[in-house]
file work_34.txt (compact mmCIF, C-alpha atoms)
# COMPACT_ATOMS: atom_id res chain seq x y z
CA MET W 1 -122.87 50.64 -169.17
CA SER W 2 -119.45 51.11 -170.70
CA SER W 3 -116.48 52.00 -168.50
CA SER W 4 -114.04 52.38 -171.38
CA VAL W 5 -114.54 56.12 -171.89
CA LYS W 6 -111.20 57.82 -172.27
CA LYS W 7 -110.79 60.94 -170.17
CA SER W 8 -108.38 63.63 -171.19
CA LYS W 9 -106.40 65.22 -168.38
CA PRO W 10 -107.35 68.81 -167.58
CA GLY W 11 -104.90 71.39 -168.88
CA ILE W 12 -102.77 73.54 -166.62
CA LEU W 13 -105.05 76.58 -166.98
CA TYR W 14 -108.04 74.48 -165.99
CA ARG W 15 -106.20 73.21 -162.90
CA ILE W 16 -105.14 76.72 -161.92
CA TYR W 17 -108.70 77.96 -162.29
CA ALA W 18 -110.05 75.05 -160.23
CA ARG W 19 -107.61 75.80 -157.41
CA ARG W 20 -108.65 79.45 -157.51
CA LEU W 21 -112.30 78.48 -157.21
CA ILE W 22 -111.54 76.24 -154.24
CA ARG W 23 -109.81 79.13 -152.46
CA GLU W 24 -112.90 81.28 -153.00
CA ILE W 25 -115.26 78.79 -151.33
CA ASP W 26 -115.78 78.90 -147.57
CA PRO W 27 -116.35 75.31 -146.37
CA ALA W 28 -118.65 76.68 -143.67
CA GLY W 29 -120.91 78.05 -146.39
CA VAL W 30 -121.22 74.85 -148.42
CA PRO W 31 -124.77 73.45 -148.69
CA ARG W 32 -125.58 70.42 -146.57
CA HIS W 33 -128.05 69.04 -149.11
CA ILE W 34 -127.63 69.42 -152.87
CA GLY W 35 -130.33 68.39 -155.29
CA ILE W 36 -129.30 67.78 -158.90
CA ILE W 37 -131.49 67.54 -161.99
CA LEU W 38 -129.35 65.49 -164.37
CA ASP W 39 -130.53 67.01 -167.60
CA GLY W 40 -129.19 66.95 -171.15
CA ASN W 41 -128.10 63.35 -171.71
CA ARG W 42 -130.03 62.98 -174.96
CA ARG W 43 -128.97 66.40 -176.27
CA TRP W 44 -125.34 65.58 -175.47
CA ALA W 45 -125.68 62.35 -177.46
CA LYS W 46 -127.31 64.17 -180.38
CA ALA W 47 -124.49 66.73 -180.44
CA GLU W 48 -122.00 63.86 -180.49
CA GLY W 49 -123.86 62.04 -183.26
CA ALA W 50 -124.46 59.12 -180.90
CA PRO W 51 -127.62 57.23 -179.90
CA ALA W 52 -129.54 58.46 -176.86
CA THR W 53 -128.45 55.41 -174.87
CA ARG W 54 -124.85 56.57 -175.15
CA GLY W 55 -125.81 59.84 -173.53
CA HIS W 56 -127.42 58.02 -170.62
CA GLN W 57 -124.33 55.85 -170.22
CA ARG W 58 -122.03 58.85 -170.12
CA GLY W 59 -124.39 60.56 -167.71
CA ALA W 60 -124.24 57.54 -165.42
CA LEU W 61 -120.44 57.70 -165.34
CA LYS W 62 -120.67 61.37 -164.36
CA ILE W 63 -122.67 60.48 -161.25
CA THR W 64 -119.71 58.74 -159.63
CA GLU W 65 -117.48 61.74 -160.32
CA VAL W 66 -119.91 64.25 -158.86
CA LEU W 67 -120.45 62.20 -155.71
CA GLN W 68 -116.69 62.11 -155.21
CA TRP W 69 -116.59 65.90 -155.54
CA CYS W 70 -119.34 66.18 -152.93
CA GLU W 71 -117.35 63.99 -150.55
CA GLU W 72 -114.52 66.51 -150.68
CA TRP W 73 -116.80 69.10 -149.05
CA PRO W 74 -119.07 69.03 -146.00
CA VAL W 75 -122.06 67.95 -148.09
CA LYS W 76 -124.28 65.52 -146.20
CA VAL W 77 -127.05 64.69 -148.69
CA VAL W 78 -127.21 64.55 -152.49
CA THR W 79 -130.46 63.96 -154.34
CA LEU W 80 -130.09 62.78 -157.94
CA TRP W 81 -133.14 63.01 -160.19
CA MET W 82 -132.52 60.23 -162.68
CA LEU W 83 -136.01 59.57 -164.05
CA SER W 84 -139.23 61.54 -163.71
CA ILE W 85 -142.76 60.19 -163.94
CA ASP W 86 -143.12 62.19 -167.16
CA ASN W 87 -140.07 60.39 -168.60
CA LEU W 88 -141.99 57.12 -168.35
CA GLY W 89 -143.99 58.25 -171.35
CA ARG W 90 -140.97 57.89 -173.66
CA LYS W 91 -140.86 55.18 -176.31
CA ALA W 92 -139.95 51.71 -175.06
CA ALA W 93 -136.92 51.62 -177.38
CA GLU W 94 -135.32 54.37 -175.30
CA LEU W 95 -136.98 53.83 -171.92
CA GLN W 96 -135.87 50.23 -171.41
CA PRO W 97 -132.15 50.90 -172.06
CA LEU W 98 -132.39 53.95 -169.79
CA GLN W 99 -133.86 51.84 -166.99
CA ASP W 100 -131.10 49.30 -167.55
CA VAL W 101 -128.47 52.03 -167.17
CA ILE W 102 -130.11 53.27 -163.98
CA GLY W 103 -130.19 49.73 -162.59
CA HIS W 104 -126.48 49.17 -163.27
CA THR W 105 -125.67 52.56 -161.76
CA VAL W 106 -127.58 51.89 -158.56
CA GLN W 107 -126.02 48.45 -158.21
CA GLY W 108 -122.60 50.01 -158.63
CA LEU W 109 -123.28 52.61 -155.95
CA GLN W 110 -124.56 49.93 -153.61
CA ALA W 111 -121.60 47.64 -154.26
CA SER W 112 -119.15 50.44 -153.51
CA GLY W 113 -120.34 50.56 -149.90
CA ARG W 114 -119.47 54.26 -149.80
CA TYR W 115 -122.95 55.77 -149.68
CA HIS W 116 -126.15 55.47 -147.72
CA LEU W 117 -128.80 55.04 -150.41
CA ARG W 118 -132.41 56.16 -150.29
CA VAL W 119 -134.92 55.72 -153.10
CA LEU W 120 -137.45 58.44 -153.88
CA GLY W 121 -140.33 57.69 -156.23
CA ASP W 122 -143.06 55.24 -157.15
CA THR W 123 -141.20 52.03 -158.03
CA SER W 124 -144.47 50.31 -158.95
CA LEU W 125 -144.41 52.27 -162.22
CA LEU W 126 -141.06 50.82 -163.28
CA ASP W 127 -139.82 47.72 -165.04
CA PRO W 128 -140.00 44.91 -162.43
CA GLY W 129 -136.26 44.29 -162.69
CA LEU W 130 -135.35 47.90 -161.95
CA ALA W 131 -137.97 48.11 -159.21
CA ALA W 132 -136.39 45.09 -157.49
CA ILE W 133 -132.92 46.64 -157.72
CA LEU W 134 -134.15 49.87 -156.17
CA ARG W 135 -135.98 48.09 -153.35
CA ALA W 136 -132.85 46.07 -152.59
CA ALA W 137 -130.69 49.20 -152.51
CA ASN W 138 -133.04 51.35 -150.45
CA GLY W 139 -131.65 51.99 -146.97
CA THR W 140 -128.33 50.25 -147.59
CA GLY W 141 -124.87 51.64 -146.87
CA PRO W 142 -123.21 53.13 -143.78
CA GLU W 143 -125.49 55.37 -141.74
CA ASN W 144 -122.76 57.99 -141.32
CA ALA W 145 -121.84 58.09 -145.02
CA LEU W 146 -122.92 60.61 -147.64
CA VAL W 147 -126.64 60.10 -148.16
CA VAL W 148 -127.52 59.64 -151.83
CA ASN W 149 -131.18 59.95 -152.69
CA ILE W 150 -132.02 58.25 -155.97
CA ALA W 151 -135.11 59.84 -157.49
CA VAL W 152 -136.58 57.46 -160.06
CA ALA W 153 -140.20 57.51 -161.27
CA TYR W 154 -140.34 60.66 -159.18
CA GLY W 155 -142.72 63.60 -159.43
CA GLY W 156 -142.99 66.39 -156.89
CA ARG W 157 -146.75 66.75 -157.16
CA GLN W 158 -147.26 63.01 -156.84
CA GLU W 159 -145.02 62.96 -153.76
CA ILE W 160 -147.21 65.54 -152.05
CA VAL W 161 -150.40 63.69 -153.01
CA ASN W 162 -148.95 60.46 -151.62
CA ALA W 163 -147.88 62.20 -148.40
CA VAL W 164 -151.37 63.64 -147.85
CA ARG W 165 -152.96 60.27 -148.63
CA GLU W 166 -150.72 58.48 -146.13
CA TYR W 167 -151.45 61.07 -143.46
CA LEU W 168 -155.22 60.77 -143.98
CA ASN W 169 -155.04 56.97 -143.90
CA GLU W 170 -153.14 57.08 -140.62
CA ALA W 171 -155.68 59.48 -139.15
CA ALA W 172 -158.54 57.23 -140.27
CA GLN W 173 -156.88 54.21 -138.67
CA LYS W 174 -156.74 56.17 -135.41
CA GLY W 175 -160.46 56.82 -135.67
CA GLU W 176 -160.11 60.55 -136.25
CA THR W 177 -162.90 62.32 -138.09
CA LEU W 178 -162.39 64.52 -141.14
CA ALA W 179 -163.27 67.57 -139.03
CA GLU W 180 -160.60 66.64 -136.49
CA VAL W 181 -158.00 66.12 -139.21
CA THR W 182 -158.85 69.44 -140.84
CA ASP W 183 -158.54 71.24 -137.54
CA GLN W 184 -155.27 69.61 -136.49
CA ILE W 185 -153.22 69.18 -139.68
CA ARG W 186 -149.82 70.91 -139.68
CA LEU W 187 -146.95 71.30 -142.11
CA GLU W 188 -144.98 68.81 -140.04
CA ASP W 189 -147.66 66.16 -140.61
CA ILE W 190 -147.12 66.30 -144.37
CA GLU W 191 -143.33 66.52 -144.07
CA ALA W 192 -143.35 63.34 -141.98
CA HIS W 193 -144.73 61.44 -144.98
CA LEU W 194 -142.51 62.83 -147.73
CA TYR W 195 -139.88 60.61 -149.34
CA THR W 196 -137.18 62.76 -147.71
CA LYS W 197 -138.55 62.59 -144.18
CA GLY W 198 -135.84 62.99 -141.58
CA GLN W 199 -133.52 64.81 -143.99
CA PRO W 200 -132.72 68.51 -144.29
CA ASP W 201 -134.36 70.29 -147.21
CA PRO W 202 -132.05 70.99 -150.17
CA ASP W 203 -130.05 74.17 -149.72
CA LEU W 204 -129.01 74.19 -153.36
CA VAL W 205 -130.63 72.74 -156.48
CA ILE W 206 -128.47 72.42 -159.61
CA ARG W 207 -129.94 71.84 -163.06
CA THR W 208 -127.72 71.20 -166.04
CA SER W 209 -128.41 71.70 -169.78
CA GLY W 210 -129.51 75.35 -169.62
CA GLU W 211 -133.15 74.73 -168.74
CA GLN W 212 -134.29 77.15 -166.03
CA ARG W 213 -137.17 75.39 -164.32
CA LEU W 214 -137.65 72.77 -161.62
CA SER W 215 -140.10 70.57 -163.55
CA GLY W 216 -141.61 69.41 -160.26
CA PHE W 217 -138.34 68.47 -158.54
CA LEU W 218 -138.68 68.44 -154.73
CA LEU W 219 -141.55 70.93 -154.90
CA TRP W 220 -142.28 70.92 -151.18
CA GLN W 221 -138.67 70.70 -150.02
CA SER W 222 -137.26 73.42 -152.31
CA ALA W 223 -139.39 76.26 -150.90
CA ASN W 224 -136.27 77.99 -149.55
CA SER W 225 -133.65 76.45 -151.83
CA GLU W 226 -131.20 78.39 -153.96
CA PHE W 227 -131.14 77.45 -157.64
CA TYR W 228 -128.16 77.21 -159.97
CA PHE W 229 -128.74 76.65 -163.68
CA CYS W 230 -125.75 75.45 -165.67
CA GLU W 231 -125.60 75.58 -169.49
CA THR W 232 -123.51 72.40 -169.70
CA TYR W 233 -125.19 69.10 -170.55
CA TRP W 234 -124.99 66.61 -167.70
CA PRO W 235 -122.43 64.23 -169.31
CA SER W 236 -120.09 67.22 -169.81
CA PHE W 237 -120.56 68.65 -166.30
CA ARG W 238 -117.07 69.49 -165.01
CA LYS W 239 -115.60 69.94 -161.60
CA VAL W 240 -115.22 73.67 -162.25
CA ASP W 241 -118.96 73.80 -162.99
CA PHE W 242 -119.60 72.17 -159.62
CA LEU W 243 -117.19 74.52 -157.85
CA ARG W 244 -118.82 77.55 -159.48
CA ALA W 245 -122.16 76.39 -158.13
CA LEU W 246 -120.70 76.12 -154.61
CA ARG W 247 -119.06 79.53 -154.92
CA ASP W 248 -122.25 81.11 -156.24
CA TYR W 249 -124.25 79.59 -153.38
CA GLY W 250 -121.76 80.82 -150.79
CA ASN W 251 -121.92 84.37 -152.17
CA ARG W 252 -125.68 84.64 -151.87
CA GLU W 253 -127.31 86.28 -148.88
CA ARG W 254 -129.94 83.88 -147.67
CA ARG W 255 -132.56 85.89 -145.80
CA LEU W 256 -135.13 83.08 -145.51
CA GLY W 257 -137.90 85.62 -144.90
CA LYS W 258 -136.00 87.57 -142.25
call {"tool": "encode", "arguments": {"input": "work_34.txt", "output": "structure tokens"}}
result
Amino acid sequence: MSSSVKKSKPGILYRIYARRLIREIDPAGVPRHIGIILDGNRRWAKAEGAPATRGHQRGALKITEVLQWCEEWPVKVVTLWMLSIDNLGRKAAELQPLQDVIGHTVQGLQASGRYHLRVLGDTSLLDPGLAAILRAANGTGPENALVVNIAVAYGGRQEIVNAVREYLNEAAQKGETLAEVTDQIRLEDIEAHLYTKGQPDPDLVIRTSGEQRLSGFLLWQSANSEFYFCETYWPSFRKVDFLRALRDYGNRERRLGK
């Protein structure tokens, strides 16, 4: 992953607009948990006339920026969807470099010591080298730091299937019958076996690149989430885009069924 990307300084109008957005955001109304679908790396690269790998590299650099922006607000958890199970069907010529970029990114986040890392997904589906990196990073970092969930080889449907399977296996080990399990099962029993167990559900889900769908991202957890779809490709995601998402979230009236 290259770190030699030159960044142009924002112009004065951009800085004025960013300050205005900050004034319009009530810190008390900032989401505790933000989920982000990092979409558009390949399309960014195509628009730039660059190989897809370059888009993934630029997208990886953007992750550090966005986490720093989150630290400036009372955000407690950030979930980054870096690689879906569906993405694993891509050609090896693209998939391997992408997994390499993800591995370097995770190692960088771990080495920084700034974040508490959690891994969401089925690492058994990944390249052994990346799987080892993710296992080594899982659960590391200060407990009171910003929690960063790294969703790799992740699929929302598969997560629910795995949670149900784990619950049923536990019940079987306790000697419970299928009839007893059917009679007693609760929402909390499934939630206790999700990848995000012990964490608040995402208040806000951001997807870049203009696509307006979740594609299976945090299907169970996003039942009451607010969604913000941004036209910008992930590598070009700016701080003002992030601030707009916070402002938009704060302006919504969240009834939550009431």
call {"tool": "residues_around", "arguments": {"input": "work_34.txt", "residues": "range 209-226 of chain W", "least_positions_apart": "5", "cutoff": "7 Å", "atoms": "all atoms listed in the file", "output": "list in words"}}
result
Asp39, Gly40, Gly155, Gly156, Arg157, Asp201, Pro202, Asp203, Leu204, Glu231, Thr232, Tyr233, Trp234 and Leu256 of chain W
call {"tool": "write_last_selection", "arguments": {"input": "work_34.txt", "atoms": "C-alpha atoms", "output": "PDB file, in the coordinates of the input"}}
result
ATOM      1  CA  ASP W  39    -130.530  67.010-167.600  1.00  0.00           C
ATOM      2  CA  GLY W  40    -129.190  66.950-171.150  1.00  0.00           C
ATOM      3  CA  GLY W 155    -142.720  63.600-159.430  1.00  0.00           C
ATOM      4  CA  GLY W 156    -142.990  66.390-156.890  1.00  0.00           C
ATOM      5  CA  ARG W 157    -146.750  66.750-157.160  1.00  0.00           C
ATOM      6  CA  ASP W 201    -134.360  70.290-147.210  1.00  0.00           C
ATOM      7  CA  PRO W 202    -132.050  70.990-150.170  1.00  0.00           C
ATOM      8  CA  ASP W 203    -130.050  74.170-149.720  1.00  0.00           C
ATOM      9  CA  LEU W 204    -129.010  74.190-153.360  1.00  0.00           C
ATOM     10  CA  GLU W 231    -125.600  75.580-169.490  1.00  0.00           C
ATOM     11  CA  THR W 232    -123.510  72.400-169.700  1.00  0.00           C
ATOM     12  CA  TYR W 233    -125.190  69.100-170.550  1.00  0.00           C
ATOM     13  CA  TRP W 234    -124.990  66.610-167.700  1.00  0.00           C
ATOM     14  CA  LEU W 256    -135.130  83.080-145.510  1.00  0.00           C
TER      15      LEU W 256
END
call {"tool": "closest_residue", "arguments": {"input": "work_34.txt", "among": "W:Leu117, W:Val240, W:Val161, W:Leu194", "to": "Val78 in chain W", "atoms": "all atoms listed in the file"}}
result
W:Leu117
call {"tool": "atom_distance", "arguments": {"input": "work_34.txt", "atom1": "CA of Gln110 in chain W", "atom2": "CA of Leu67 in chain W"}}
result
13.1 Å
call {"tool": "residues_around", "arguments": {"input": "work_34.txt", "residues": "Leu98 in chain W", "least_positions_apart": "3", "cutoff": "9 Å", "atoms": "all atoms listed in the file", "output": "list in words"}}
result
Ala52, Thr53, His56, Gln57, Leu83, Glu94, Leu95, Val101, Ile102 and Gly103 of chain W
call {"tool": "write_last_selection", "arguments": {"input": "work_34.txt", "atoms": "C-alpha atoms", "output": "mmCIF file, in the coordinates of the input"}}
result
data_model
loop_
_atom_site.group_PDB
_atom_site.id
_atom_site.type_symbol
_atom_site.label_atom_id
_atom_site.label_comp_id
_atom_site.auth_asym_id
_atom_site.auth_seq_id
_atom_site.Cartn_x
_atom_site.Cartn_y
_atom_site.Cartn_z
ATOM 1 C CA ALA W 52 -129.540 58.460 -176.860
ATOM 2 C CA THR W 53 -128.450 55.410 -174.870
ATOM 3 C CA HIS W 56 -127.420 58.020 -170.620
ATOM 4 C CA GLN W 57 -124.330 55.850 -170.220
ATOM 5 C CA LEU W 83 -136.010 59.570 -164.050
ATOM 6 C CA GLU W 94 -135.320 54.370 -175.300
ATOM 7 C CA LEU W 95 -136.980 53.830 -171.920
ATOM 8 C CA VAL W 101 -128.470 52.030 -167.170
ATOM 9 C CA ILE W 102 -130.110 53.270 -163.980
ATOM 10 C CA GLY W 103 -130.190 49.730 -162.590
#
call {"tool": "closest_residue", "arguments": {"input": "work_34.txt", "among": "W:Gln173, W:Gln158, W:Asn251, W:Ser236", "to": "Ala60 in chain W", "atoms": "all atoms listed in the file"}}
result
W:Ser236
call {"tool": "closest_atom_pairs", "arguments": {"input": "work_34.txt", "of": "range 190-238 of chain W", "to": "range 166-170 of chain W", "cutoff": "10 Å", "atoms": "only C-alpha atoms", "output": "JSON lines"}}
result
{"residue": "W:Ile190", "atom": "CA", "partner": "W:Tyr167", "partner_atom": "CA", "distance": 6.9}
{"residue": "W:Glu191", "atom": "CA", "partner": "W:Tyr167", "partner_atom": "CA", "distance": 9.8}
{"residue": "W:Ala192", "atom": "CA", "partner": "W:Tyr167", "partner_atom": "CA", "distance": 8.5}
{"residue": "W:His193", "atom": "CA", "partner": "W:Glu166", "partner_atom": "CA", "distance": 6.8}
{"residue": "W:Leu194", "atom": "CA", "partner": "W:Glu166", "partner_atom": "CA", "distance": 9.4}
call {"tool": "residues_around", "arguments": {"input": "work_34.txt", "residues": "range 26-37 of chain W", "least_positions_apart": "4", "cutoff": "8 Å", "atoms": "all atoms listed in the file", "output": "VMD selection string"}}
result
chain W and resid 73 to 82 200 to 208 217 246 249 to 250
call {"tool": "residues_near_point", "arguments": {"input": "work_34.txt", "point": "(-118.6, 56.4, -148.8)", "cutoff": "12 Å", "atoms": "only C-alpha atoms", "output": "ChimeraX atom specification"}}
result
/W:64,67-72,76-77,109-117,140-148
call {"tool": "closest_residue", "arguments": {"input": "work_34.txt", "among": "W:Arg165, W:Pro51, W:Val66, W:Thr196", "to": "Gly121 in chain W", "atoms": "all atoms listed in the file"}}
result
W:Thr196
call {"tool": "closest_residue", "arguments": {"input": "work_34.txt", "among": "W:Glu24, W:Arg43, W:Val164, W:Gly175", "to": "Glu188 in chain W", "atoms": "only C-alpha atoms"}}
result
W:Val164
call {"tool": "residues_around", "arguments": {"input": "work_34.txt", "residues": "Arg19 in chain W", "least_positions_apart": "5", "cutoff": "12 Å", "atoms": "all atoms listed in the file", "output": "list in words"}}
result
Ile12, Leu13, Tyr14, Glu24, Ile25, Lys239, Val240, Leu243 and Arg244 of chain W
call {"tool": "atom_distance", "arguments": {"input": "work_34.txt", "atom1": "CA of Leu126 in chain W", "atom2": "CA of Gln199 in chain W"}}
result
25.0 Å
call {"tool": "closest_residue", "arguments": {"input": "work_34.txt", "among": "W:Leu21, W:Glu176, W:Leu38, W:Arg254", "to": "Ile63 in chain W", "atoms": "all atoms listed in the file"}}
result
W:Leu38
call {"tool": "atom_distance", "arguments": {"input": "work_34.txt", "atom1": "CA of Val152 in chain W", "atom2": "CA of Ser84 in chain W"}}
result
6.1 Å
call {"tool": "residues_around", "arguments": {"input": "work_34.txt", "residues": "Ala131 in chain W", "least_positions_apart": "5", "cutoff": "10 Å", "atoms": "all atoms listed in the file", "output": "list in words"}}
result
Gln99, Gly103, Asp122, Thr123, Ser124, Leu125, Leu126, Ala136, Ala137, Val152 and Ala153 of chain W
call {"tool": "closest_residue", "arguments": {"input": "work_34.txt", "among": "W:Pro235, W:Glu180, W:Leu130, W:Arg118", "to": "Gln96 in chain W", "atoms": "all atoms listed in the file"}}
result
W:Leu130
call {"tool": "decode", "arguments": {"input": "work_34.txt", "residues": "range 25-35 of chain W", "atoms": "all heavy atoms", "output": "short mmCIF file (atom, residue, chain, number, x, y, z; two decimals), in the first residue's frame"}}
result
data_model
loop_
_atom_site.label_atom_id
_atom_site.label_comp_id
_atom_site.auth_asym_id
_atom_site.auth_seq_id
_atom_site.Cartn_x
_atom_site.Cartn_y
_atom_site.Cartn_z
N ILE W 25 -24.15 20.65 13.84
CA ILE W 25 -24.25 19.30 14.40
C ILE W 25 -24.26 19.37 15.92
O ILE W 25 -23.35 19.95 16.53
CB ILE W 25 -23.08 18.42 13.92
CG1 ILE W 25 -23.11 18.28 12.39
CG2 ILE W 25 -23.15 17.05 14.58
CD1 ILE W 25 -21.88 17.61 11.83
N ASP W 26 -25.26 18.78 16.54
CA ASP W 26 -25.34 18.69 17.99
C ASP W 26 -24.59 17.44 18.44
O ASP W 26 -24.99 16.32 18.08
CB ASP W 26 -26.80 18.61 18.43
CG ASP W 26 -26.96 18.48 19.94
OD1 ASP W 26 -25.93 18.56 20.66
OD2 ASP W 26 -28.10 18.30 20.39
N PRO W 27 -23.50 17.58 19.18
CA PRO W 27 -22.74 16.39 19.61
C PRO W 27 -23.60 15.36 20.32
O PRO W 27 -23.33 14.15 20.24
CB PRO W 27 -21.68 16.98 20.55
CG PRO W 27 -21.50 18.39 20.07
CD PRO W 27 -22.88 18.83 19.65
N ALA W 28 -24.64 15.83 21.01
CA ALA W 28 -25.53 14.91 21.73
C ALA W 28 -26.34 14.04 20.77
O ALA W 28 -26.87 13.00 21.16
CB ALA W 28 -26.46 15.68 22.65
N GLY W 29 -26.44 14.48 19.52
CA GLY W 29 -27.22 13.74 18.54
C GLY W 29 -26.38 12.95 17.55
O GLY W 29 -26.88 12.48 16.53
N VAL W 30 -25.10 12.78 17.86
CA VAL W 30 -24.21 12.03 16.98
C VAL W 30 -24.37 10.53 17.25
O VAL W 30 -24.47 10.11 18.40
CB VAL W 30 -22.74 12.46 17.21
CG1 VAL W 30 -21.78 11.52 16.51
CG2 VAL W 30 -22.54 13.89 16.72
N PRO W 31 -24.42 9.71 16.21
CA PRO W 31 -24.60 8.26 16.42
C PRO W 31 -23.46 7.64 17.21
O PRO W 31 -22.30 8.01 17.04
CB PRO W 31 -24.65 7.70 14.99
CG PRO W 31 -24.01 8.74 14.14
CD PRO W 31 -24.32 10.05 14.77
N ARG W 32 -23.80 6.70 18.07
CA ARG W 32 -22.78 5.98 18.83
C ARG W 32 -22.05 4.96 17.94
O ARG W 32 -20.86 4.73 18.10
CB ARG W 32 -23.41 5.24 20.02
CG ARG W 32 -23.98 6.12 21.11
CD ARG W 32 -24.53 5.25 22.22
NE ARG W 32 -25.55 4.32 21.72
CZ ARG W 32 -25.96 3.22 22.37
NH1 ARG W 32 -25.42 2.91 23.54
NH2 ARG W 32 -26.90 2.45 21.86
N HIS W 33 -22.80 4.34 17.05
CA HIS W 33 -22.24 3.29 16.19
C HIS W 33 -22.55 3.64 14.74
O HIS W 33 -23.71 3.82 14.37
CB HIS W 33 -22.87 1.94 16.57
CG HIS W 33 -22.34 0.77 15.78
ND1 HIS W 33 -22.67 -0.54 16.08
CD2 HIS W 33 -21.51 0.69 14.70
CE1 HIS W 33 -22.07 -1.36 15.22
NE2 HIS W 33 -21.37 -0.63 14.38
N ILE W 34 -21.49 3.75 13.94
CA ILE W 34 -21.63 4.04 12.52
C ILE W 34 -21.12 2.85 11.72
O ILE W 34 -19.98 2.40 11.91
CB ILE W 34 -20.84 5.31 12.11
CG1 ILE W 34 -21.36 6.54 12.87
CG2 ILE W 34 -20.94 5.54 10.61
CD1 ILE W 34 -20.58 7.81 12.58
N GLY W 35 -21.95 2.35 10.84
CA GLY W 35 -21.52 1.31 9.91
C GLY W 35 -21.25 1.94 8.56
O GLY W 35 -22.00 2.80 8.12
#
